[in-house]
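One file, structure08.txt, carrying compact mmCIF, C-alpha atoms:
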# COMPACT_ATOMS: atom_id res chain seq x y z
CA MET A 9 -7.64 20.50 4.28
CA VAL A 10 -5.78 17.67 2.54
CA ARG A 11 -9.00 16.39 0.94
CA LEU A 12 -9.78 19.90 -0.33
CA TRP A 13 -6.27 20.27 -1.77
CA ILE A 14 -6.40 16.86 -3.47
CA GLY A 15 -9.88 17.61 -4.77
CA ARG A 16 -8.75 20.89 -6.28
CA ARG A 17 -5.76 19.28 -7.99
CA ARG A 18 -7.83 16.41 -9.36
CA ARG A 19 -10.40 18.93 -10.62
CA SER A 20 -7.68 20.97 -12.37
CA VAL A 21 -6.56 17.81 -14.16
CA TYR A 22 -10.14 17.09 -15.22
CA LEU A 23 -10.74 20.63 -16.49
CA ALA A 24 -7.49 20.62 -18.43
CA MET A 25 -8.51 17.37 -20.09
CA GLN A 26 -11.97 18.76 -20.87
CA HIS A 27 -10.38 21.69 -22.68
CA GLY A 28 -8.06 19.49 -24.71
CA SER A 29 -4.95 20.48 -22.77
CA ASN A 30 -3.65 16.96 -22.31
CA ALA A 31 -0.10 18.18 -22.86
CA ILE A 32 -0.36 20.31 -19.71
CA VAL A 33 -1.48 17.29 -17.72
CA HIS A 34 1.22 14.98 -19.13
CA ARG A 35 3.93 17.53 -18.37
CA LYS A 36 3.04 17.56 -14.69
CA ASN A 37 5.52 14.71 -14.71
CA ARG A 38 8.97 16.27 -14.65
CA LEU A 39 10.59 13.77 -17.01
CA LEU A 40 8.00 14.51 -19.67
CA ALA A 41 8.29 18.22 -18.91
CA ALA A 42 12.06 18.05 -19.49
CA LEU A 43 11.66 16.84 -23.08
CA GLU A 44 12.18 19.21 -25.99
CA PRO A 45 8.88 20.13 -27.71
CA GLU A 46 9.62 18.00 -30.77
CA ASP A 47 10.53 14.97 -28.64
CA PHE A 48 7.46 15.37 -26.46
CA SER A 49 5.33 15.67 -29.61
CA ALA A 50 6.63 12.27 -30.73
CA LEU A 51 5.30 10.69 -27.51
CA GLU A 52 2.13 12.69 -26.92
CA PRO A 53 -0.18 10.82 -29.35
CA TYR A 54 0.53 7.59 -27.44
CA LEU A 55 0.20 8.98 -23.90
CA GLU A 56 -3.01 8.58 -21.92
CA VAL A 57 -3.99 9.86 -18.48
CA VAL A 58 -5.07 7.18 -16.00
CA GLU A 59 -6.39 7.27 -12.45
CA LEU A 60 -4.39 5.47 -9.77
CA PRO A 61 -6.52 5.11 -6.62
CA LYS A 62 -4.80 4.70 -3.26
CA ASN A 63 -3.59 1.11 -2.69
CA LYS A 64 -4.09 0.15 -6.33
CA ILE A 65 -1.65 -2.55 -7.39
CA ILE A 66 -0.50 -1.53 -10.86
CA TYR A 67 1.72 -4.58 -11.36
CA ASP A 68 2.13 -7.54 -9.05
CA ILE A 69 5.12 -9.88 -8.87
CA GLY A 70 5.51 -11.83 -12.09
CA GLU A 71 2.82 -9.97 -14.01
CA THR A 72 3.51 -8.88 -17.58
CA VAL A 73 4.53 -5.24 -17.87
CA GLY A 74 2.82 -3.63 -20.85
CA TYR A 75 2.99 0.07 -20.00
CA ALA A 76 5.45 2.59 -18.63
CA TYR A 77 3.93 5.10 -16.20
CA PHE A 78 4.84 8.74 -15.51
CA PRO A 79 3.20 9.81 -12.19
CA HIS A 80 1.75 13.32 -11.80
CA ASP A 81 0.57 13.75 -8.22
CA THR A 82 0.70 10.23 -6.83
CA ILE A 83 3.56 8.24 -5.32
CA VAL A 84 4.06 4.62 -6.30
CA SER A 85 6.19 2.19 -4.29
CA LEU A 86 7.94 -0.87 -5.60
CA THR A 87 7.82 -3.40 -2.79
CA THR A 88 9.05 -6.93 -2.29
CA VAL A 89 6.65 -9.32 -0.56
CA LEU A 90 8.20 -11.66 2.00
CA LYS A 91 7.16 -15.21 2.91
CA ASP A 92 5.21 -14.09 5.97
CA GLY A 93 3.14 -11.69 3.85
CA SER A 94 4.93 -8.53 4.97
CA SER A 95 6.44 -6.18 2.42
CA VAL A 96 9.34 -3.74 2.28
CA GLU A 97 9.84 -0.85 -0.12
CA MET A 98 12.66 -1.23 -2.66
CA ALA A 99 12.11 1.95 -4.72
CA VAL A 100 9.71 4.87 -4.92
CA PHE A 101 8.39 6.84 -7.89
CA GLY A 102 6.82 10.29 -7.99
CA ARG A 103 6.50 13.07 -10.52
CA GLU A 104 10.27 13.08 -11.04
CA ALA A 105 10.16 9.46 -12.17
CA MET A 106 8.79 6.76 -14.41
CA PHE A 107 8.26 3.05 -13.79
CA GLY A 108 7.60 -0.07 -15.80
CA LEU A 109 10.11 0.33 -18.61
CA ILE A 110 13.14 -1.14 -16.83
CA SER A 111 11.14 -4.19 -15.72
CA ALA A 112 10.11 -4.74 -19.34
CA LEU A 113 13.57 -4.66 -20.93
CA VAL A 114 14.04 -8.43 -21.14
CA THR A 115 11.48 -10.70 -19.46
CA ARG A 116 8.52 -8.29 -19.36
CA GLN A 117 7.79 -9.59 -15.85
CA SER A 118 7.45 -7.34 -12.83
CA PHE A 119 10.08 -8.20 -10.22
CA GLY A 120 8.07 -6.62 -7.42
CA ARG A 121 4.71 -5.13 -6.52
CA TYR A 122 3.99 -1.60 -7.72
CA VAL A 123 1.36 -0.02 -5.48
CA ALA A 124 -0.04 3.54 -5.38
CA GLN A 125 0.43 5.13 -1.96
CA PHE A 126 -1.82 8.13 -2.70
CA SER A 127 -4.73 8.59 -5.07
CA GLY A 128 -3.74 10.54 -8.15
CA THR A 129 -3.10 10.36 -11.86
CA ALA A 130 -0.31 9.34 -14.20
CA SER A 131 0.46 9.33 -17.90
CA ARG A 132 1.10 5.94 -19.40
CA ILE A 133 2.43 4.72 -22.72
CA SER A 134 2.94 1.24 -24.12
CA VAL A 135 6.46 -0.08 -23.65
CA GLU A 136 6.70 -0.73 -27.40
CA LYS A 137 5.89 2.89 -28.31
CA LEU A 138 8.33 4.26 -25.74
CA ASN A 139 11.10 1.95 -26.95
CA ASP A 140 10.42 2.93 -30.56
CA ALA A 141 10.63 6.61 -29.67
CA GLY A 142 13.88 6.05 -27.78
CA GLN A 143 15.48 4.32 -30.75
CA GLY A 144 14.56 7.13 -33.11
CA ARG A 145 15.20 10.12 -30.85
CA PRO A 146 18.56 10.37 -29.01
CA LYS A 147 17.32 12.91 -26.45
CA ILE A 148 14.50 10.62 -25.31
CA ARG A 149 16.97 7.75 -25.04
CA GLN A 150 19.39 9.92 -23.05
CA LEU A 151 16.64 11.01 -20.67
CA VAL A 152 15.69 7.39 -20.01
CA LEU A 153 19.34 6.45 -19.42
CA SER A 154 19.88 9.40 -17.05
CA TYR A 155 16.79 8.46 -15.11
CA THR A 156 17.90 4.82 -14.94
CA GLU A 157 21.21 5.89 -13.41
CA ALA A 158 19.43 8.14 -10.89
CA LEU A 159 17.08 5.30 -9.96
CA MET A 160 20.02 2.94 -9.46
CA ALA A 161 21.73 5.49 -7.21
CA GLN A 162 18.50 5.90 -5.22
CA THR A 163 18.01 2.15 -4.85
CA LEU A 164 21.57 1.43 -3.73
CA GLN A 165 21.53 4.32 -1.28
CA THR A 166 18.21 3.08 0.12
CA VAL A 167 19.67 -0.41 0.63
CA ALA A 168 22.53 1.09 2.63
CA CYS A 169 20.13 3.32 4.55
CA ASN A 170 17.87 0.43 5.53
CA ALA A 171 20.89 -1.52 6.76
CA VAL A 172 22.56 1.06 8.98
CA HIS A 173 20.29 3.98 9.83
CA SER A 174 17.67 4.27 12.56
CA VAL A 175 13.96 4.02 11.95
CA GLU A 176 13.63 7.64 13.07
CA ALA A 177 16.13 8.88 10.46
CA ARG A 178 14.57 6.76 7.72
CA CYS A 179 11.09 7.96 8.64
CA CYS A 180 12.26 11.58 8.34
CA ARG A 181 13.79 10.79 4.95
CA TRP A 182 10.53 9.33 3.67
CA ILE A 183 8.46 12.27 4.91
CA LEU A 184 10.86 14.76 3.31
CA SER A 185 11.06 12.96 -0.03
CA THR A 186 7.25 12.73 -0.09
CA ARG A 187 7.04 16.48 0.52
CA ASP A 188 9.40 17.10 -2.40
CA ARG A 189 7.19 15.10 -4.71
CA VAL A 190 3.81 16.63 -3.83
CA ASP A 191 4.72 20.26 -3.00
CA HIS A 192 2.50 20.36 0.06
CA ASP A 193 3.28 20.25 3.78
CA ALA A 194 0.17 18.23 4.66
CA LEU A 195 0.80 14.65 3.59
CA PRO A 196 -1.87 11.92 3.58
CA LEU A 197 0.37 9.44 5.39
CA THR A 198 -0.88 6.89 7.91
CA HIS A 199 1.19 4.99 10.47
CA GLU A 200 0.21 1.79 8.73
CA THR A 201 1.58 3.03 5.38
CA LEU A 202 4.84 4.22 6.92
CA ALA A 203 5.28 0.97 8.83
CA GLU A 204 4.88 -1.08 5.66
CA LEU A 205 7.27 1.10 3.67
CA LEU A 206 9.91 1.13 6.40
CA GLY A 207 9.54 -2.57 7.17
CA VAL A 208 8.79 -2.08 10.89
CA GLN A 209 5.88 -2.52 13.30
CA ARG A 210 3.15 0.09 13.35
CA SER A 211 3.81 0.67 17.06
CA THR A 212 7.40 1.62 16.19
CA VAL A 213 6.21 4.23 13.70
CA SER A 214 3.73 5.59 16.25
CA SER A 215 6.55 6.07 18.77
CA VAL A 216 8.77 7.78 16.19
CA THR A 217 6.11 10.17 14.89
CA ARG A 218 5.02 10.99 18.45
CA ALA A 219 8.61 12.00 19.25
CA LEU A 220 8.80 14.10 16.07
CA GLN A 221 5.58 15.87 17.04
CA ILE A 222 6.81 16.55 20.58
CA ALA A 223 9.97 18.02 19.03
CA GLY A 224 7.78 20.38 16.96
CA LEU A 225 8.84 18.96 13.60
CA ILE A 226 5.48 17.57 12.50
CA HIS A 227 1.83 17.65 13.48
CA GLN A 228 -0.29 14.52 13.29
CA GLY A 229 -3.94 14.44 12.34
CA ARG A 230 -6.22 11.62 11.29
CA GLY A 231 -4.43 10.04 8.33
CA VAL A 232 -2.36 13.19 7.84
CA ILE A 233 1.17 14.21 8.78
CA THR A 234 1.90 17.92 8.41
CA ILE A 235 5.47 19.20 8.33
CA THR A 236 5.85 22.17 10.69
CA ASP A 237 9.66 22.48 10.74
CA ARG A 238 11.31 21.30 7.53
CA ALA A 239 14.82 22.43 8.54
CA GLY A 240 14.54 20.53 11.81
CA LEU A 241 13.27 17.45 9.99
CA GLU A 242 16.27 17.58 7.66
CA GLU A 243 18.56 17.72 10.70
CA MET A 244 16.93 14.56 12.05
CA SER A 245 17.14 12.73 8.72
CA CYS A 246 20.18 10.74 7.65
CA GLU A 247 22.52 11.88 4.87
CA CYS A 248 20.76 9.54 2.44
CA TYR A 249 17.96 12.03 1.85
CA ARG A 250 20.34 14.66 0.53
CA LYS A 251 22.52 12.19 -1.39
CA ILE A 252 19.52 10.79 -3.26
CA ARG A 253 18.19 14.25 -3.99
CA LYS A 254 21.55 15.48 -5.27
CA SER A 255 21.85 12.45 -7.57
CA PHE A 256 18.55 13.35 -9.20
CA GLU A 257 19.42 17.03 -9.44
CA ARG A 258 22.78 16.21 -11.06
CA LEU A 259 21.43 13.72 -13.57
CA LEU A 260 17.98 15.27 -14.06
CA PRO A 261 18.07 19.00 -13.29
CA ARG A 262 14.86 20.40 -11.76
CA SER A 263 13.59 16.90 -10.99
CA TYR A 264 12.77 17.99 -7.43
CA SER A 265 11.03 21.11 -6.19
CA ALA A 266 13.17 23.94 -4.92
CA SER A 267 13.94 24.08 -1.23
CA PRO A 268 16.72 25.49 0.95
CA GLN A 269 19.95 23.62 0.32
CA LYS A 270 22.76 22.84 2.71
CA SER A 271 26.36 22.35 1.83
Would you put the structure from the file into structure tokens?
Amino acid sequence: MVRLWIGRRRRSVYLAMQHGSNAIVHRKNRLLAALEPEDFSALEPYLEVVELPKNKIIYDIGETVGYAYFPHDTIVSLTTVLKDGSSVEMAVFGREAMFGLISALVTRQSFGRYVAQFSGTASRISVEKLNDAGQGRPKIRQLVLSYTEALMAQTLQTVACNAVHSVEARCCRWILSTRDRVDHDALPLTHETLAELLGVQRSTVSSVTRALQIAGLIHQGRGVITITDRAGLEEMSCECYRKIRKSFERLLPRSYSASPQKS
């Protein structure tokens, strides 16, 4: 079912491109979609759609950053690689986000590894063209600044979450935030992927997801985790999920998909 869904979405992107509707594809990213028509028109000639296969490393540590990316239907993680070869996620980027520009502000060197967690597409633009547009158009500059603040809030909250909250709560947070970014309950998540992102052993993730399935919150298939009780999953998650989401909704309205809210 997941393969069929992904195939249909990828095909819709291809057909849109075939019919010259690149603007529709670019605006699958919610930051680009939030731009006023005249501001988007200033960027559109320099945007290109690129494929990001699963596990593709877009930038590795120390590599020169030449492009800023706006994901459509993929999720990209920024990870730090430790001495023993293991890695831990520092930030995550989906259709509500962009990546590459902040790393390129001064040194142009990537301070982590950007890796695609799912196969999908993104719009990209050279850092120079995006900077030029930001200097000449205040609304583009303001959007970038608002996103930068939201990203900082997400990163700091994630640091606190990783320090004090249980693996179970953090796993629920990651599943929920992934659901928000792809608008589908069936998520192509493996135990190996979750273990790497959460910085724990695969056996730990297996125990956590088994408990979530027994509780009726998710169903596990081969390489797929399907959410069966979103409300229950939110109850099991820590407060960080909602705090991060609210930061984005405050700074970048409509950056996440609609879902039932709690006070």
Is it possible to get the axis-aligned box enclosing stretch 236-239 of chain A (all listed atoms, 5 Å extra per side) as lines of an AutoDock Vina configuration file, with centre and edge lengths in Å rounded to one decimal?
center_x = 10.3
center_y = 21.9
center_z = 9.1
size_x = 19.0
size_y = 11.2
size_z = 13.2
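Here atom CA of A:Ile133 is placed at a distance of 16.7 Å from atom CA of A:Tyr155.
With distances taken over all atoms listed in the file, A:Asp47 is the one residue among A:Arg103, A:Ala41, A:Asp47, A:Thr198 lying closest to A:Arg145.
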*asked:* When you count all atoms listed in the file, which of these residues is closest to A:Leu220: A:Cys179, A:Gln150, A:Phe256, A:Val190?
replied: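 Of all the options, A:Cys179 lies closest to A:Leu220.
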*What does the distance from atom CA of A:Leu195 to atom CA of A:Tyr75 come to in Å, to one decimal?*
27.8 Å
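Closest approach to A:Lys62 among A:Ala158, A:Ile32, A:Ile226, A:Leu197 is made by A:Leu197 (distances from all atoms listed in the file).
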_Distance criterion (only C-alpha atoms): nearest to A:Arg187 out of A:Gln117, A:Thr234, A:Ser94, A:Thr129_ = A:Thr234
*Can you tell me, as a VMD selection string, what residues are no more than 12 Å from A:Val208 when counting all atoms listed in the file, ignoring any on the same chain fewer than 5 positions away?*
chain A and resid 94 to 97 170 174 to 176 178 to 179 199 to 203 213 to 216
*Out of A:Arg253, A:Arg218, A:Arg38, A:Arg210, which residue has the shortest atom-to-atom distance to A:Leu159 when counting only C-alpha atoms?*
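Closest to A:Leu159 of all the choices is A:Arg253.
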*asked:* For A:Asp68, find every residue with an atom within 7 Å (counting only C-alpha atoms), except residues of its own chain fewer than 2 positions away, and show them as a list of chain:residue names.
replied: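 Near neighbours after the sequence-gap exclusion: A:Ile65, A:Ile66, A:Gly70, A:Glu71, A:Ser118, A:Gly120, A:Arg121, A:Tyr122.
Checking A:Ala161, A:Val57, A:Val232, A:Met244 one by one against A:Glu257, counting only C-alpha atoms, you find the shortest gap at A:Ala161.
Atom pair atom CA of A:Glu56 / atom CA of A:Ala42 has a distance of 18.0 Å (rounded to one decimal).
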*If you count all atoms listed in the file, which residues fall within 12 Å of A:Pro45, apart from same-chain ones fewer than 3 positions away, as a ChimeraX atom specification?*
/A:31,35,40-42,48-52,147-148
Residues just named, written with C-alpha atoms as a compact mmCIF listing (two decimals), keeping the file's coordinate frame:
# COMPACT_ATOMS: atom_id res chain seq x y z
CA ALA A 31 -0.10 18.18 -22.86
CA ARG A 35 3.93 17.53 -18.37
CA LEU A 40 8.00 14.51 -19.67
CA ALA A 41 8.29 18.22 -18.91
CA ALA A 42 12.06 18.05 -19.49
CA PHE A 48 7.46 15.37 -26.46
CA SER A 49 5.33 15.67 -29.61
CA ALA A 50 6.63 12.27 -30.73
CA LEU A 51 5.30 10.69 -27.51
CA GLU A 52 2.13 12.69 -26.92
CA LYS A 147 17.32 12.91 -26.45
CA ILE A 148 14.50 10.62 -25.31
